[in-house]
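K.L.:
Supplied in C-alpha cells, the structure appears directly below.
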Amino acid sequence: MSDRQPSSATNLDRYGNDGLAWKRAVAAMKAGSSTPQVTWFLGTAQQDGRPHAAGVGAVWHDGSLYFTSSPAARKAHDLAANPRCTVSARLDGIDVVLEGEARRVRDAATLDEVVGIYRAGGWPAEVTDDAFTAPYSAPSAGPPPWHLYRMTVHTIFGVATAAPYGATRWRFKA
C-alpha cells in the first residue's frame with residue numbers, strides 16, 4: 001500500500017497564498033514520525049461526552065497514522081467505545097490536524113512493519129503476541145504491553161508555519 005491521495009483539496013488561506021501541496025504534508029508527517037522532537041496529541045471523547053487529550057508517539061505509514069496505547073489507558077477505553085478521534089502535531093514547517101477513526105491493529109505483518117519504524121526512531125520496541133513491548137516507554141504509558149492503533153483519516157488540515165505559507169484541507173474517500 002502506498003500513501004493515499006486526497007479526493008479533494010480546499011485552499012483555506014485568507015491572505016492570498018496558494019493551497020499547500022499534499023506532498024509537503026506527507027513529507028512532514030513522515031519526518032515527524034517516531035521522533036522525540038515531535039509529540040502528536042490524540043483527542044478522544046469519553047463515554048459521557050467529555051473530551052480527553054493525550055500525547056502519543058505516532059508514525060505516518062502507508063497513508064495512515066499509527067500510535068500506541070496501554071490497554072488500561074483512558075484513550076484505549078475511549079476508542080473501544082467510540083473510534084472517532086483527532087490527532088494534531090506541530091511538524092517542521094506545518095501544523096496538522098487529522099480527523100478519522102482509530103482501531104486496534106492485530107495483523108502480524110503490520111505490527112512488524114510499524115515496530116520497525118519505531119525502532120528506527122530510537123524506541124527499542126518488539127512485537128510480542130499482538131502488542132508491543134519494550135524496556136521503556138513514555139512515563140505516562142504504564143507497563144507493557146502496548147496496543148497498536150491505526151487511524152484511518154478522512155480529513156487533514158494543514159497550516160504552514162514556514163514559507164511558502166498557506167492553509168489547506170484535504171479530504172479522503174473511505
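Identifiers in the C-alpha cells: chain A, B, ... in order shown; residue index from 1 per chain; ligand index from 1 in order shown.
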If you run DSSP on the backbone here, which positions in stretch 90-161 of chain A get strand (DSSP E)? Please write them as a VMD selection string.
P.N.:
chain A and resid 90 to 91 94 to 105 126 to 128 131 to 133 147 to 160
K.L.:
List as a PDB file with C-alpha atoms, in the first residue's frame the protein and nucleic acid residues near A:Tyr136, meaning an atom at most 12 Å away when only C-alpha atoms are counted, but skip any in the same chain fewer than 2 places from it.
P.N.:
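Saved the output as result.pdb:
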ATOM      1  CA  GLY A 122      15.063   5.095  18.675  1.00  0.00           C
ATOM      2  CA  TRP A 123      12.392   3.183  20.624  1.00  0.00           C
ATOM      3  CA  PRO A 124      13.586  -0.447  21.068  1.00  0.00           C
ATOM      4  CA  ALA A 125      10.115  -1.963  20.816  1.00  0.00           C
ATOM      5  CA  GLU A 126       9.378  -5.551  19.818  1.00  0.00           C
ATOM      6  CA  PHE A 132       4.408  -4.075  21.560  1.00  0.00           C
ATOM      7  CA  THR A 133       6.824  -4.478  24.446  1.00  0.00           C
ATOM      8  CA  ALA A 134       9.992  -2.540  25.234  1.00  0.00           C
ATOM      9  CA  ALA A 138       6.692   7.383  27.940  1.00  0.00           C
ATOM     10  CA  PRO A 139       6.438   7.911  31.724  1.00  0.00           C
ATOM     11  CA  SER A 140       2.637   8.025  31.473  1.00  0.00           C
ATOM     12  CA  ALA A 141       2.358   4.922  29.250  1.00  0.00           C
ATOM     13  CA  GLY A 142       2.281   2.365  32.046  1.00  0.00           C
ATOM     14  CA  PRO A 143       3.857  -1.068  31.782  1.00  0.00           C
ATOM     15  CA  PRO A 144       3.820  -3.168  28.595  1.00  0.00           C
ATOM     16  CA  PRO A 145       2.130  -4.454  26.573  1.00  0.00           C
ATOM     17  CA  TRP A 146       1.065  -1.528  24.404  1.00  0.00           C
TER      18      TRP A 146
END
K.L.:
Pick out the closest residue to A:Asp62 from this set: A:Arg150, A:Asp129, A:Arg4, A:Asn11. Count only C-alpha atoms.
P.N.:
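Among A:Arg150, A:Asp129, A:Arg4, A:Asn11, it is A:Arg4 that comes nearest to A:Asp62.
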K.L.:
Counting only C-alpha atoms, which residue out of A:Met29, A:Leu12, A:Leu98, A:Ala81 sits closest to A:Gln46?
P.N.:
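Closest to A:Gln46, using only C-alpha atoms: A:Ala81.
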K.L.:
Residues within 6 Å of A:Thr68, please, as an mmCIF file with C-alpha atoms, in the first residue's frame. Count only C-alpha atoms; anything in the same chain fewer than 4 positions from it doesn't count.
P.N.:
data_model
loop_
_atom_site.group_PDB
_atom_site.id
_atom_site.type_symbol
_atom_site.label_atom_id
_atom_site.label_comp_id
_atom_site.auth_asym_id
_atom_site.auth_seq_id
_atom_site.Cartn_x
_atom_site.Cartn_y
_atom_site.Cartn_z
ATOM 1 C CA TRP A 146 1.065 -1.528 24.404
ATOM 2 C CA HIS A 147 -1.548 -1.970 21.693
ATOM 3 C CA LEU A 148 -1.060 -0.506 18.243
ATOM 4 C CA TYR A 149 -3.844 1.596 16.681
#
K.L.:
Using only C-alpha atoms, which residues sit within 9 Å of A:Leu20 once same-chain residues fewer than 6 positions away are excluded, as a list of chain:residue names?
P.N.:
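Returned residues: A:Ala9, A:Asn11, A:Gly158, A:Val159, A:Ala160, A:Pro164, A:Tyr165, A:Gly166, A:Ala167, A:Thr168, A:Arg169.
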K.L.:
Would you kindly return, as a PyMOL selection string, each protein, DNA or RNA residue with an atom no farther than 8 Å from any atom of A:Gly32, considering only C-alpha atoms and excluding same-chain residues fewer than 4 positions away?
P.N.:
chain A and resi 28+37-38+59+91-92
K.L.:
Compile the contact shell of A:Lys30 as an MDAnalysis selection string: residues with an atom at most 12 Å away, counting only C-alpha atoms, same-chain residues fewer than 4 positions apart removed.
P.N.:
chainID A and resid 3 23:26 34:35 38 58:66 91:92 117:118 121
K.L.:
Restricting it to N, CA and C atoms, dump the selection as an mmCIF file, in the first residue's frame.
P.N.:
data_model
loop_
_atom_site.group_PDB
_atom_site.id
_atom_site.type_symbol
_atom_site.label_atom_id
_atom_site.label_comp_id
_atom_site.auth_asym_id
_atom_site.auth_seq_id
_atom_site.Cartn_x
_atom_site.Cartn_y
_atom_site.Cartn_z
ATOM 1 N N ASP A 3 1.019 5.752 0.079
ATOM 2 C CA ASP A 3 0.259 6.856 0.655
ATOM 3 C C ASP A 3 -0.969 7.160 -0.177
ATOM 4 N N LYS A 23 2.088 16.653 -0.904
ATOM 5 C CA LYS A 23 3.381 16.006 -0.680
ATOM 6 C C LYS A 23 4.164 16.692 0.449
ATOM 7 N N ARG A 24 3.927 17.984 0.677
ATOM 8 C CA ARG A 24 4.577 18.690 1.780
ATOM 9 C C ARG A 24 4.078 18.149 3.127
ATOM 10 N N ALA A 25 2.775 17.950 3.239
ATOM 11 C CA ALA A 25 2.212 17.414 4.481
ATOM 12 C C ALA A 25 2.705 15.988 4.720
ATOM 13 N N VAL A 26 2.718 15.160 3.684
ATOM 14 C CA VAL A 26 3.177 13.775 3.828
ATOM 15 C C VAL A 26 4.638 13.742 4.257
ATOM 16 N N SER A 34 7.752 9.118 14.992
ATOM 17 C CA SER A 34 8.547 8.414 15.995
ATOM 18 C C SER A 34 9.852 9.115 16.342
ATOM 19 N N THR A 35 9.787 10.422 16.457
ATOM 20 C CA THR A 35 10.970 11.160 16.889
ATOM 21 C C THR A 35 10.657 11.840 18.220
ATOM 22 N N VAL A 38 8.914 15.467 18.288
ATOM 23 C CA VAL A 38 7.519 15.724 17.914
ATOM 24 C C VAL A 38 6.585 14.942 18.831
ATOM 25 N N ALA A 58 3.621 8.785 17.468
ATOM 26 C CA ALA A 58 2.902 8.328 16.279
ATOM 27 C C ALA A 58 3.831 8.232 15.085
ATOM 28 N N VAL A 59 3.421 7.411 14.123
ATOM 29 C CA VAL A 59 4.159 7.273 12.864
ATOM 30 C C VAL A 59 3.177 7.305 11.697
ATOM 31 N N TRP A 60 3.565 8.000 10.635
ATOM 32 C CA TRP A 60 2.802 8.014 9.386
ATOM 33 C C TRP A 60 3.380 6.922 8.506
ATOM 34 N N HIS A 61 2.524 5.991 8.077
ATOM 35 C CA HIS A 61 2.992 4.864 7.272
ATOM 36 C C HIS A 61 1.874 4.419 6.337
ATOM 37 N N ASP A 62 2.191 4.360 5.056
ATOM 38 C CA ASP A 62 1.248 3.860 4.047
ATOM 39 C C ASP A 62 -0.121 4.526 4.099
ATOM 40 N N GLY A 63 -0.139 5.832 4.297
ATOM 41 C CA GLY A 63 -1.388 6.568 4.229
ATOM 42 C C GLY A 63 -2.240 6.554 5.484
ATOM 43 N N SER A 64 -1.693 6.053 6.584
ATOM 44 C CA SER A 64 -2.411 6.033 7.860
ATOM 45 C C SER A 64 -1.477 6.464 8.972
ATOM 46 N N LEU A 65 -2.065 6.920 10.075
ATOM 47 C CA LEU A 65 -1.291 7.265 11.250
ATOM 48 C C LEU A 65 -1.429 6.132 12.264
ATOM 49 N N TYR A 66 -0.318 5.718 12.844
ATOM 50 C CA TYR A 66 -0.293 4.658 13.845
ATOM 51 C C TYR A 66 0.202 5.230 15.165
ATOM 52 N N LEU A 91 4.669 20.101 13.223
ATOM 53 C CA LEU A 91 5.751 19.465 12.484
ATOM 54 C C LEU A 91 6.662 20.528 11.898
ATOM 55 N N ASP A 92 7.712 20.119 11.254
ATOM 56 C CA ASP A 92 8.649 21.061 10.668
ATOM 57 C C ASP A 92 7.977 21.814 9.515
ATOM 58 N N ILE A 117 9.554 0.920 12.235
ATOM 59 C CA ILE A 117 9.621 2.387 12.150
ATOM 60 C C ILE A 117 9.912 2.977 13.533
ATOM 61 N N TYR A 118 9.230 2.451 14.552
ATOM 62 C CA TYR A 118 9.508 2.919 15.911
ATOM 63 C C TYR A 118 10.962 2.643 16.294
ATOM 64 N N GLY A 121 13.325 5.054 14.887
ATOM 65 C CA GLY A 121 13.240 6.337 15.573
ATOM 66 C C GLY A 121 13.868 6.331 16.953
#
K.L.:
Do you have the atom CA of A:Arg90-atom CA of A:Ala27 distance handy?
P.N.:
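Interatomic distance here is 13.3 Å.
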K.L.:
Between A:Ala45, A:Ala31, A:Val96, A:Ala21, which one has atoms that come closest to A:Asn82, using only C-alpha atoms?
P.N.:
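Ranking A:Ala45, A:Ala31, A:Val96, A:Ala21 by distance to A:Asn82, first place goes to A:Ala45.
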K.L.:
Show me, as a PyMOL selection string, the residues that have an atom within 9 Å of A:Ala80 when counting only C-alpha atoms, minus same-chain residues fewer than 4 positions from it.
P.N.:
chain A and resi 75-76+103-104
K.L.:
Nearest residue to A:Pro51 out of A:Gly16, A:His154, A:Ser70, A:Arg84, using only C-alpha atoms?
P.N.:
A:Arg84
K.L.:
Please report the interatomic distance between atom CA of A:Gly116 and atom CA of A:Thr152 in Å with one decimal.
P.N.:
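Going from atom CA of A:Gly116 over to atom CA of A:Thr152, I get 20.0 Å.
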